[in-house]
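Read through the structure below, which is laid out as structure tokens, and then see the notes.
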Amino acid sequence: MVQQRGDTPEGRSGGEGADAAVSLEDGRLVLSGRLLVDTIATLKHDGQGAEEIDIAQVSHMDTAGAWYVADVQRRMTDGKEEVPILGADDMQQQLIEVVRRNMPPEDAAAARHVSLLDRVEALGRKTAAGAGKAVELTGFLGQVMAALSSMVIHPRRLRLTSLVHHMQEVGWNAIPIVALMSLLIGVVLAFQGSVQLRQFGAEVFVVDLIAISVLRELGILLTAIIVAGRSGSAYTAAIGSMKMREEVDAMRTLGLDPIDILVVPRVLALVLMLPVLGLIADLSGLVGGALMSWIELGVSPAVFQARLISDTDVWHFLVGMIKAPFFAMIIGIIGCYEGLKVGGDAESLGRLTSTSVVLSIFMVIVADAVFSVVFALIGI
Amino acid sequence: MMDDAEPIIRVRGLTKGFGRHLVHEGLDLDVRRGEIIGIVGGSGTGKSVLLRQIVGLLKPDGGSIEVFGQSVEGTSPDQYKQLRRRWGVMFQDGALFSSLTVRQNVEAPMREQLALPDDLRETLAGIKVRMVGLDEDAQTKFPSELSGGMRKRAGFARAIALDPEIVFLDEPTAGLDPIAAAEFDTLIRQLQAALGLTVFLVTHDLDSLHAICDRIAVLAEKKVLAIGTMAELMKVDHPWVHEYFHGPRARAASETERAEKVQ
């Protein structure tokens with residue numbers, strides 16, 4: 001069965017055949033030439049005054065051309081008796097028929113208008129979705145806490161291999177980047193601080209500046225941000241791709257709890273390792289600060305150390321360390337939660353991975369603000 | 001049959017290998033204008049590789065491929081762009097752009113290739129989406145919100161967006177239930193007739209082969225082992241071909257067809 005369509009390759013690519021034209025000849029709308037998608041955009045005719053459509057002179061026609069014919073016919077008909085189309089060959093007849101069956105409904109265009117009310121509704125929906133997500137996240141936190149505490153009673157349920165693996169991934173492997181980042185922060189603080197403090201001849205206070213800001217805030221906060229970007233996203237991506245390949249569902253059918261197997265080791269690894277990373281960040285921040293103070297201000301390491309020990313309350317260090325497990329919990333829970341939310345497609349994996357990072361960094365900063373208020377209230 | 005007609009796709013002496021493993025060696029194939037040709041073969045016989053070479057996604061190691069009488073490989077980028085406008089490809093599972101809605105997916109090739117006013121492009125894309133049997137709701141949905149069958153239909157709509165002369169379909173009915181697969185077969189047949197398409201169909205679906213293919217090419221032993229109508233291939237006595245067309249599943253498919261014809 002071979003069907004030869006009007007538009008041969010040569011005809012399509014140009015050359016042979018006149019461009020599309022439309023004209024009115026005593027009550028008859030005559031279409032001629034190549035009625036193709038490139039040529040119909042310029043054709044304008046509402047068919048006023050014609051009673052039939054003649055397409056015998058049409059040399060080529062594609063779907064767009066057929067749509068044009070059907071559209072003109074529909075406008076001419078307009079509730080009255082159907083306007084006949086004359087001179088169509090079998091192929092053209094069939095094509096026009098297929099297109100006519102699939103014409104858009106006439107009121108389709110009007111429905112797309114977005115009113116103010118729609119925007120308000122969209123805002124409302126987003127707010128409700130946000131609240132729903134907060135509730136779900138809290139529920140998930142509860143599930144993980146329950147799983148964690150049941151492991152205190154049944155320590156054998158803890159996947160030790162998995163835990164150690166994740167501790168290496170999020171802890172040991174993150175040491176270089178965390179240490180380098182913190183060293184640079186120390187250097188920047190010392191440099192910026194010295195420029196300002198020199199104006200008052202109070203260069204030596206740069207030690208207090210570095211010690212308090214690094215130990216109390218920056219060391220742990222920046223570490224948490226790096227870990228959220230590094231490990232939180234990795235958690236979401238890893239769990240999400242397992243979810244995509246239905247591995248998580250397979251676990252459930254085998255009677256394995258994904259929370260026990262996937263979530264608890266990851267969250268626990270972060271809770272154990274983030275304080276260690278925070279400690280490393282504190283140390284290297286102080287080292288960086290001391291180095292820069294020595295170069296820039298001539299504060300020798302011995303003086304730096306003496307001043308650090310005599311003037312800086314140990315609570316500054318403890319405040320930083322107390323926050324670490326909480327930050328770890330936030331990053332781990334959000335990372336795993338978003339991973340388990342991934343649906344069947346790759347797009348949701350990408351979207352949720354970035355949501356996970358943004359949300360966990362945001363929540364870490366919110367938590368940090370809350371801690372600041374609380375510590376201020378109890379006076380440490 | 002017009003055996004003397006100039007073939008729309010002509011493959012000669014095609015050779016392609018990956019590493020030391022040769023997939024095609026001296027493969028010849030002619031596809032005639034207006035036919036539906038089914039390509040079958042065991043897993044790993046290079047059905048998809050052949051398709052990819054014809055549309056220029058993979059470079060052959062040797063031999064020639066001509067589509068519309070023009071060599072695919074030797075074309076300049078401009079000529080290739082012209083060629084590409086005249087065929088459409090539907091990948092397995094649709095390969096829709098996940099960040100675009102169904103209608104935007106169909107509009108995408110029009111946007112690239114044609115300078116159309118927005119409303120005209122939307123109307124034409126809407127017609128194409130309806131032509132493949134997707135309803136009004138599906139137009140504004142994203143691929144992730146569609147079922148497998150709907151994704152394939154949307155992929156088909158995108159393949160015919162520019163009114164191509166040839167469509168390449170890679171396993172269009174794989175993973176569909178028998179009813180949906182039969183509907184898809186009918187759809188291919190209908191649109192082929194309405195748009196005068198030449199269809200290059202890679203498939204494993206024996207029912208599709210029976211129902212819609214004018215000719216079938218069997219890929220085995222690195223070349224086209226046999227080509228012809230279903231009836232002709234039933235008589236080939238190469239063991240693999242024989243097993244393929246006379247195995248229990250093939251018998252079931254041909255019996256259904258016979259039963260339908262009786263009705």
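Naming scheme: A, B, ... for chains in displayed order of the structure tokens; residues 1 onward per chain; ligands 1 onward as shown.
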
### Message
At a cut-off of 12 Å, using only C-alpha atoms, what residues contact range 350-353 of chain A? Leave out same-chain residues fewer than 2 positions from it and give the result as a ChimeraX atom specification.
### Response
/A:228-241,244,334-348,355-360 /B:98-99

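Once Ala174 in chain A and its same-chain neighbours fewer than 6 positions away are set aside, His166, Met167, Gln168, Leu180, Met181, Thr223, Ala224, Ile226, Val227, Ala228, Gly229, Arg230, Ser231, Leu270, Met273, Leu274, Val276, Leu277, Gly278, Ile280 and Ala281 of chain A remain within 12 Å of it when counting only C-alpha atoms.
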
How would the residues just chosen look if you wrote them out with C-alpha atoms as a JSON list (two decimals), in the first residue's frame?
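Once everything was written out, this is again-v9.json:
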[["chain", "number", "residue", "atom", "x", "y", "z"],
["A", 166, "HIS", "CA", 27.94, 7.30, 56.56],
["A", 167, "MET", "CA", 30.16, 8.64, 59.36],
["A", 168, "GLN", "CA", 33.08, 8.33, 57.02],
["A", 180, "LEU", "CA", 40.12, 25.04, 54.92],
["A", 181, "MET", "CA", 36.93, 27.07, 54.99],
["A", 223, "THR", "CA", 30.17, 23.96, 59.04],
["A", 224, "ALA", "CA", 26.46, 23.19, 59.16],
["A", 226, "ILE", "CA", 28.71, 23.22, 54.17],
["A", 227, "VAL", "CA", 27.44, 19.90, 55.48],
["A", 228, "ALA", "CA", 23.89, 20.74, 54.36],
["A", 229, "GLY", "CA", 25.17, 21.47, 50.87],
["A", 230, "ARG", "CA", 27.43, 18.45, 50.83],
["A", 231, "SER", "CA", 25.65, 15.71, 52.73],
["A", 270, "LEU", "CA", 25.39, 13.40, 61.15],
["A", 273, "MET", "CA", 29.99, 13.79, 63.24],
["A", 274, "LEU", "CA", 28.78, 17.39, 63.09],
["A", 276, "VAL", "CA", 33.48, 16.73, 65.59],
["A", 277, "LEU", "CA", 33.52, 18.79, 62.40],
["A", 278, "GLY", "CA", 32.50, 21.83, 64.46],
["A", 280, "ILE", "CA", 37.81, 21.01, 63.83],
["A", 281, "ALA", "CA", 36.32, 24.18, 62.38]]

### Query
Would you give me, as JSON, numbers by chain, the residues in range 24-167 of chain B that DSSP reads as alpha helix (DSSP H)?
{"B": [47, 48, 49, 50, 51, 52, 53, 54, 77, 78, 79, 80, 81, 82, 83, 84, 85, 102, 103, 104, 105, 106, 107, 108, 109, 110, 111, 112, 113, 118, 119, 120, 121, 122, 123, 124, 125, 126, 127, 128, 129, 130, 131, 148, 149, 150, 151, 152, 153, 154, 155, 156, 157, 158, 159]}

Extract, using only C-alpha atoms, all DNA, RNA and protein residues at most 12 Å from Glu122 in chain B, discarding same-chain residues fewer than 3 positions from it, and format them as a compact mmCIF listing (two decimals) with all heavy atoms, in the first residue's frame.
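The result, stored in selection.txt:
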# COMPACT_ATOMS: atom_id res chain seq x y z
N ALA A 64 -1.56 22.03 8.89
CA ALA A 64 -1.86 23.44 9.11
C ALA A 64 -2.75 23.96 8.00
O ALA A 64 -3.70 24.71 8.26
CB ALA A 64 -0.56 24.24 9.18
N MET A 103 -10.47 19.83 16.08
CA MET A 103 -10.38 21.28 16.25
C MET A 103 -10.58 21.64 17.72
O MET A 103 -11.34 20.98 18.43
CB MET A 103 -11.47 21.96 15.42
CG MET A 103 -11.28 21.83 13.94
SD MET A 103 -10.10 22.98 13.29
CE MET A 103 -11.17 24.35 12.93
N PRO A 104 -9.91 22.70 18.17
CA PRO A 104 -10.11 23.10 19.57
C PRO A 104 -11.52 23.62 19.77
O PRO A 104 -12.08 24.23 18.87
CB PRO A 104 -9.08 24.21 19.77
CG PRO A 104 -8.78 24.71 18.40
CD PRO A 104 -8.99 23.57 17.46
N ALA A 108 -12.11 27.69 24.27
CA ALA A 108 -10.88 27.30 24.97
C ALA A 108 -10.02 28.49 25.35
O ALA A 108 -9.41 28.53 26.41
CB ALA A 108 -10.06 26.36 24.09
N ALA A 109 -10.00 29.52 24.48
CA ALA A 109 -9.10 30.64 24.72
C ALA A 109 -9.52 31.46 25.94
O ALA A 109 -8.68 31.98 26.65
CB ALA A 109 -9.06 31.52 23.49
N VAL B 102 2.45 19.04 28.00
CA VAL B 102 2.31 18.24 26.79
C VAL B 102 2.23 19.14 25.57
O VAL B 102 2.92 18.93 24.57
CB VAL B 102 1.05 17.36 26.90
CG1 VAL B 102 0.72 16.74 25.56
CG2 VAL B 102 1.26 16.29 27.94
N ARG B 103 1.39 20.19 25.64
CA ARG B 103 1.25 21.02 24.46
C ARG B 103 2.55 21.77 24.16
O ARG B 103 2.93 21.94 23.01
CB ARG B 103 0.08 21.99 24.58
CG ARG B 103 -0.30 22.49 23.20
CD ARG B 103 -1.46 23.43 23.19
NE ARG B 103 -1.21 24.55 24.04
CZ ARG B 103 -2.17 25.15 24.75
NH1 ARG B 103 -3.39 24.70 24.69
NH2 ARG B 103 -1.88 26.17 25.51
N GLN B 104 3.22 22.23 25.20
CA GLN B 104 4.49 22.93 24.98
C GLN B 104 5.51 21.99 24.35
O GLN B 104 6.33 22.41 23.55
CB GLN B 104 5.03 23.49 26.30
CG GLN B 104 4.25 24.70 26.75
CD GLN B 104 4.59 25.09 28.18
OE1 GLN B 104 5.12 24.27 28.95
NE2 GLN B 104 4.30 26.31 28.54
N ASN B 105 5.45 20.70 24.73
CA ASN B 105 6.34 19.72 24.11
C ASN B 105 6.10 19.65 22.62
O ASN B 105 7.04 19.57 21.83
CB ASN B 105 6.09 18.34 24.73
CG ASN B 105 7.11 17.99 25.78
OD1 ASN B 105 8.25 17.71 25.46
ND2 ASN B 105 6.72 18.06 27.03
N VAL B 106 4.83 19.66 22.23
CA VAL B 106 4.50 19.58 20.80
C VAL B 106 4.88 20.90 20.12
O VAL B 106 5.30 20.92 18.97
CB VAL B 106 3.01 19.26 20.62
CG1 VAL B 106 2.65 19.19 19.15
CG2 VAL B 106 2.68 17.94 21.30
N GLU B 107 4.75 21.99 20.86
CA GLU B 107 5.10 23.29 20.27
C GLU B 107 6.60 23.44 20.09
O GLU B 107 7.04 24.20 19.22
CB GLU B 107 4.61 24.43 21.18
CG GLU B 107 3.14 24.74 21.05
CD GLU B 107 2.75 25.86 21.99
OE1 GLU B 107 3.41 26.91 21.95
OE2 GLU B 107 1.81 25.68 22.77
N ALA B 108 7.38 22.72 20.91
CA ALA B 108 8.84 22.93 20.91
C ALA B 108 9.46 22.83 19.52
O ALA B 108 10.18 23.74 19.11
CB ALA B 108 9.50 21.97 21.90
N MET B 110 8.02 23.22 16.66
CA MET B 110 7.49 24.30 15.83
C MET B 110 8.19 25.60 16.15
O MET B 110 8.54 26.40 15.28
CB MET B 110 5.99 24.49 16.10
CG MET B 110 5.15 23.28 15.82
SD MET B 110 3.44 23.68 16.14
CE MET B 110 2.64 22.18 15.64
N ARG B 111 8.41 25.81 17.44
CA ARG B 111 9.09 27.03 17.89
C ARG B 111 10.48 27.13 17.30
O ARG B 111 10.93 28.20 16.91
CB ARG B 111 9.19 26.97 19.42
CG ARG B 111 9.18 28.28 20.12
CD ARG B 111 9.36 28.00 21.59
NE ARG B 111 8.09 27.75 22.27
CZ ARG B 111 7.36 28.72 22.80
NH1 ARG B 111 7.76 29.96 22.73
NH2 ARG B 111 6.23 28.45 23.42
N LEU B 116 6.00 31.12 13.63
CA LEU B 116 4.54 31.20 13.59
C LEU B 116 4.07 32.16 14.67
O LEU B 116 4.70 32.27 15.71
CB LEU B 116 3.93 29.83 13.87
CG LEU B 116 4.06 28.75 12.81
CD1 LEU B 116 3.37 27.49 13.29
CD2 LEU B 116 3.44 29.21 11.50
N PRO B 117 2.93 32.82 14.44
CA PRO B 117 2.34 33.59 15.53
C PRO B 117 1.95 32.65 16.67
O PRO B 117 1.60 31.49 16.42
CB PRO B 117 1.09 34.22 14.90
CG PRO B 117 1.07 33.85 13.48
CD PRO B 117 2.17 32.90 13.19
N ASP B 118 2.00 33.17 17.91
CA ASP B 118 1.78 32.31 19.08
C ASP B 118 0.45 31.57 19.04
O ASP B 118 0.39 30.37 19.30
CB ASP B 118 1.84 33.15 20.37
CG ASP B 118 3.26 33.53 20.71
OD1 ASP B 118 4.17 33.07 19.99
OD2 ASP B 118 3.47 34.28 21.68
N ASP B 119 -0.63 32.30 18.69
CA ASP B 119 -1.94 31.65 18.79
C ASP B 119 -2.09 30.56 17.73
O ASP B 119 -2.67 29.51 18.00
CB ASP B 119 -3.08 32.68 18.70
CG ASP B 119 -2.94 33.56 17.48
OD1 ASP B 119 -1.85 33.56 16.88
OD2 ASP B 119 -3.91 34.23 17.11
N ALA B 125 -0.69 22.98 17.63
CA ALA B 125 -0.20 21.99 18.60
C ALA B 125 -1.38 21.31 19.27
O ALA B 125 -1.37 20.09 19.48
CB ALA B 125 0.70 22.65 19.62
N GLY B 126 -2.41 22.10 19.58
CA GLY B 126 -3.60 21.54 20.21
C GLY B 126 -4.24 20.48 19.33
O GLY B 126 -4.67 19.43 19.79
N ILE B 127 -4.29 20.76 18.01
CA ILE B 127 -4.88 19.79 17.07
C ILE B 127 -4.07 18.50 17.08
O ILE B 127 -4.61 17.40 17.15
CB ILE B 127 -4.94 20.39 15.66
CG1 ILE B 127 -5.98 21.50 15.62
CG2 ILE B 127 -5.28 19.32 14.63
CD1 ILE B 127 -6.07 22.23 14.30
N LYS B 128 -2.73 18.65 17.08
CA LYS B 128 -1.87 17.45 17.07
C LYS B 128 -2.09 16.62 18.34
O LYS B 128 -2.14 15.39 18.28
CB LYS B 128 -0.40 17.85 16.96
CG LYS B 128 -0.02 18.43 15.61
CD LYS B 128 0.15 17.33 14.57
CE LYS B 128 0.00 17.81 13.14
NZ LYS B 128 0.91 18.83 12.71
N VAL B 129 -2.22 17.31 19.47
CA VAL B 129 -2.41 16.58 20.73
C VAL B 129 -3.73 15.83 20.69
O VAL B 129 -3.82 14.67 21.10
CB VAL B 129 -2.36 17.54 21.93
CG1 VAL B 129 -2.69 16.81 23.22
CG2 VAL B 129 -0.99 18.18 22.05
N GLN B 139 -3.58 18.42 27.84
CA GLN B 139 -2.78 19.44 27.16
C GLN B 139 -1.87 20.21 28.10
O GLN B 139 -0.74 20.52 27.76
CB GLN B 139 -3.71 20.43 26.49
CG GLN B 139 -4.65 19.79 25.51
CD GLN B 139 -4.54 20.41 24.15
OE1 GLN B 139 -3.72 21.27 23.91
NE2 GLN B 139 -5.36 19.96 23.24
N THR B 140 -2.39 20.54 29.27
CA THR B 140 -1.62 21.39 30.17
C THR B 140 -0.94 20.59 31.27
O THR B 140 -0.42 21.15 32.22
CB THR B 140 -2.54 22.44 30.81
OG1 THR B 140 -3.67 21.77 31.33
CG2 THR B 140 -3.00 23.45 29.78
N ALA B 161 4.67 16.75 14.91
CA ALA B 161 4.38 18.18 15.06
C ALA B 161 4.62 18.95 13.77
O ALA B 161 3.89 19.87 13.45
CB ALA B 161 5.21 18.77 16.18

### Query
Which residues, written as a PyMOL selection string, have at least one atom at most 12 Å from Thr161 in chain A, with only C-alpha atoms counted and residues fewer than 4 positions away on the same chain left out?
chain A and resi 156-157+165-168+261+265-266+269

I need the residues from that last selection saved to file as an mmCIF file, in the first residue's frame (with all heavy atoms), if you can.
data_model
loop_
_atom_site.group_PDB
_atom_site.id
_atom_site.type_symbol
_atom_site.label_atom_id
_atom_site.label_comp_id
_atom_site.auth_asym_id
_atom_site.auth_seq_id
_atom_site.Cartn_x
_atom_site.Cartn_y
_atom_site.Cartn_z
ATOM 1 N N ARG A 156 20.605 -4.052 68.741
ATOM 2 C CA ARG A 156 20.942 -4.900 67.601
ATOM 3 C C ARG A 156 20.287 -4.428 66.307
ATOM 4 O O ARG A 156 20.720 -4.791 65.223
ATOM 5 C CB ARG A 156 20.491 -6.344 67.875
ATOM 6 C CG ARG A 156 21.519 -7.103 68.668
ATOM 7 C CD ARG A 156 20.949 -8.396 69.205
ATOM 8 N NE ARG A 156 22.019 -9.149 69.843
ATOM 9 C CZ ARG A 156 22.854 -9.932 69.183
ATOM 10 N NH1 ARG A 156 22.729 -10.070 67.891
ATOM 11 N NH2 ARG A 156 23.810 -10.574 69.815
ATOM 12 N N ARG A 157 19.203 -3.655 66.445
ATOM 13 C CA ARG A 157 18.528 -3.200 65.226
ATOM 14 C C ARG A 157 19.318 -2.121 64.498
ATOM 15 O O ARG A 157 19.029 -1.801 63.350
ATOM 16 C CB ARG A 157 17.135 -2.672 65.567
ATOM 17 C CG ARG A 157 16.124 -3.788 65.658
ATOM 18 C CD ARG A 157 14.767 -3.281 66.072
ATOM 19 N NE ARG A 157 14.211 -2.316 65.120
ATOM 20 C CZ ARG A 157 13.152 -1.565 65.397
ATOM 21 N NH1 ARG A 157 12.573 -1.649 66.573
ATOM 22 N NH2 ARG A 157 12.689 -0.720 64.502
ATOM 23 N N HIS A 165 29.813 3.675 57.654
ATOM 24 C CA HIS A 165 29.994 4.146 56.273
ATOM 25 C C HIS A 165 29.575 5.608 56.142
ATOM 26 O O HIS A 165 30.300 6.430 55.581
ATOM 27 C CB HIS A 165 29.169 3.270 55.331
ATOM 28 C CG HIS A 165 29.033 3.824 53.951
ATOM 29 N ND1 HIS A 165 30.056 3.793 53.034
ATOM 30 C CD2 HIS A 165 28.002 4.464 53.335
ATOM 31 C CE1 HIS A 165 29.664 4.372 51.916
ATOM 32 N NE2 HIS A 165 28.425 4.789 52.075
ATOM 33 N N HIS A 166 28.409 5.920 56.689
ATOM 34 C CA HIS A 166 27.939 7.300 56.560
ATOM 35 C C HIS A 166 28.778 8.261 57.388
ATOM 36 O O HIS A 166 28.968 9.415 57.004
ATOM 37 C CB HIS A 166 26.467 7.395 56.947
ATOM 38 C CG HIS A 166 25.567 6.768 55.935
ATOM 39 N ND1 HIS A 166 25.516 7.193 54.631
ATOM 40 C CD2 HIS A 166 24.706 5.724 56.018
ATOM 41 C CE1 HIS A 166 24.661 6.447 53.963
ATOM 42 N NE2 HIS A 166 24.168 5.540 54.777
ATOM 43 N N MET A 167 29.289 7.764 58.552
ATOM 44 C CA MET A 167 30.156 8.638 59.358
ATOM 45 C C MET A 167 31.404 9.003 58.570
ATOM 46 O O MET A 167 31.874 10.129 58.606
ATOM 47 C CB MET A 167 30.517 7.964 60.686
ATOM 48 C CG MET A 167 29.374 8.022 61.683
ATOM 49 S SD MET A 167 29.654 7.006 63.126
ATOM 50 C CE MET A 167 30.906 7.941 63.966
ATOM 51 N N GLN A 168 31.913 8.031 57.836
ATOM 52 C CA GLN A 168 33.083 8.334 57.016
ATOM 53 C C GLN A 168 32.730 9.318 55.910
ATOM 54 O O GLN A 168 33.440 10.283 55.660
ATOM 55 C CB GLN A 168 33.640 7.043 56.396
ATOM 56 C CG GLN A 168 34.793 7.370 55.471
ATOM 57 C CD GLN A 168 35.457 6.148 54.885
ATOM 58 O OE1 GLN A 168 35.057 5.022 55.175
ATOM 59 N NE2 GLN A 168 36.466 6.368 54.089
ATOM 60 N N ILE A 261 16.518 1.494 58.128
ATOM 61 C CA ILE A 261 17.659 1.134 57.290
ATOM 62 C C ILE A 261 18.293 2.337 56.627
ATOM 63 O O ILE A 261 19.516 2.455 56.550
ATOM 64 C CB ILE A 261 17.204 0.112 56.231
ATOM 65 C CG1 ILE A 261 16.847 -1.178 56.950
ATOM 66 C CG2 ILE A 261 18.291 -0.130 55.204
ATOM 67 C CD1 ILE A 261 16.269 -2.203 56.060
ATOM 68 N N PRO A 265 20.550 5.490 60.251
ATOM 69 C CA PRO A 265 22.026 5.556 60.185
ATOM 70 C C PRO A 265 22.524 6.898 59.659
ATOM 71 O O PRO A 265 23.533 7.420 60.139
ATOM 72 C CB PRO A 265 22.387 4.429 59.211
ATOM 73 C CG PRO A 265 21.225 3.537 59.175
ATOM 74 C CD PRO A 265 20.026 4.374 59.456
ATOM 75 N N ARG A 266 21.795 7.454 58.703
ATOM 76 C CA ARG A 266 22.244 8.732 58.126
ATOM 77 C C ARG A 266 22.137 9.855 59.139
ATOM 78 O O ARG A 266 23.065 10.646 59.322
ATOM 79 C CB ARG A 266 21.412 9.061 56.885
ATOM 80 C CG ARG A 266 21.775 8.208 55.673
ATOM 81 C CD ARG A 266 20.982 8.640 54.458
ATOM 82 N NE ARG A 266 21.537 8.112 53.225
ATOM 83 C CZ ARG A 266 21.340 6.896 52.755
ATOM 84 N NH1 ARG A 266 20.588 6.051 53.440
ATOM 85 N NH2 ARG A 266 21.882 6.495 51.617
ATOM 86 N N ALA A 269 24.621 9.371 61.970
ATOM 87 C CA ALA A 269 25.988 9.670 61.544
ATOM 88 C C ALA A 269 26.229 11.174 61.578
ATOM 89 O O ALA A 269 27.274 11.645 62.051
ATOM 90 C CB ALA A 269 26.219 9.145 60.120
#

### Task
Run DSSP on the backbone and give me the residues of range 9-256 of chain B it puts in strand (DSSP E or B), as a PyMOL selection string.
chain B and resi 9-18+21-32+36-41+62-67+70-71+87-90+166-170+198-202+215-220+223-228

Output as a Markdown table one row per residue of chain B within 8 Å of chain A: the closest atom pair and its distance in Å to one decimal place, counting only C-alpha atoms, sorted by chain and residue number ascending.
| residue | atom | partner | partner_atom | distance |
| --- | --- | --- | --- | --- |
| B:Met1 | CA | A:Met1 | CA | 5.9 |
| B:Met2 | CA | A:Val2 | CA | 7.1 |
| B:Arg33 | CA | A:Val2 | CA | 6.6 |
| B:Gly34 | CA | A:Val2 | CA | 4.8 |
| B:Glu35 | CA | A:Val2 | CA | 6.0 |
| B:Phe68 | CA | A:Pro9 | CA | 7.2 |
| B:Ser98 | CA | A:Glu347 | CA | 6.5 |
| B:Ser99 | CA | A:Glu347 | CA | 7.5 |
| B:Leu114 | CA | A:Asp38 | CA | 6.9 |
| B:Ala115 | CA | A:Asp38 | CA | 7.7 |
| B:Leu116 | CA | A:Ala41 | CA | 6.8 |
| B:Pro117 | CA | A:Ala41 | CA | 7.4 |
| B:Leu120 | CA | A:Ala41 | CA | 7.7 |
| B:Thr123 | CA | A:Pro104 | CA | 7.0 |
| B:Leu124 | CA | A:Ala64 | CA | 6.5 |
| B:Gly126 | CA | A:Pro104 | CA | 6.7 |
| B:Ile127 | CA | A:Asn102 | CA | 5.4 |
| B:Lys128 | CA | A:Asn102 | CA | 7.9 |
| B:Arg130 | CA | A:Asn102 | CA | 5.4 |
| B:Met131 | CA | A:Asn102 | CA | 5.9 |
| B:Ser144 | CA | A:Asp345 | CA | 6.1 |
| B:Asp163 | CA | A:Asp62 | CA | 6.5 |
| B:Ala193 | CA | A:Gln3 | CA | 7.7 |
| B:Ala194 | CA | A:Leu95 | CA | 5.0 |
| B:Leu195 | CA | A:Leu95 | CA | 6.5 |
| B:Gly196 | CA | A:Arg5 | CA | 5.8 |
| B:Asp214 | CA | A:Met1 | CA | 7.2 |

#### Entry: Selection: 12 Å around Ile227 in chain B, only C-alpha atoms, excl. self and same-chain fewer than 5 positions, as a ChimeraX atom specification
/B:28-31,37-41,213-220,232-236,241

### Summary
Taken to one decimal, the CA of Ile380 in chain A-CA of Arg198 in chain A distance is 28.6 Å

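Proximity of A:Ser284, A:Ala147, A:Phe205, A:Trp294 to Pro176 in chain A, computed with only C-alpha atoms, is greatest for A:Ser284.
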
### Summary
Correct to one decimal, the distance CA of Phe326 in chain A-CA of Val271 in chain A is 7.6 Å

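Of the residues listed (B:Leu201, B:Asp78, B:Leu58, B:Thr45), B:Leu201 shows the shortest atom-to-atom separation from Gln92 in chain B; distances use only C-alpha atoms.
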
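Interatomic distance, CA of Ala134 in chain A against CA of Leu349 in chain A: 19.9 Å.
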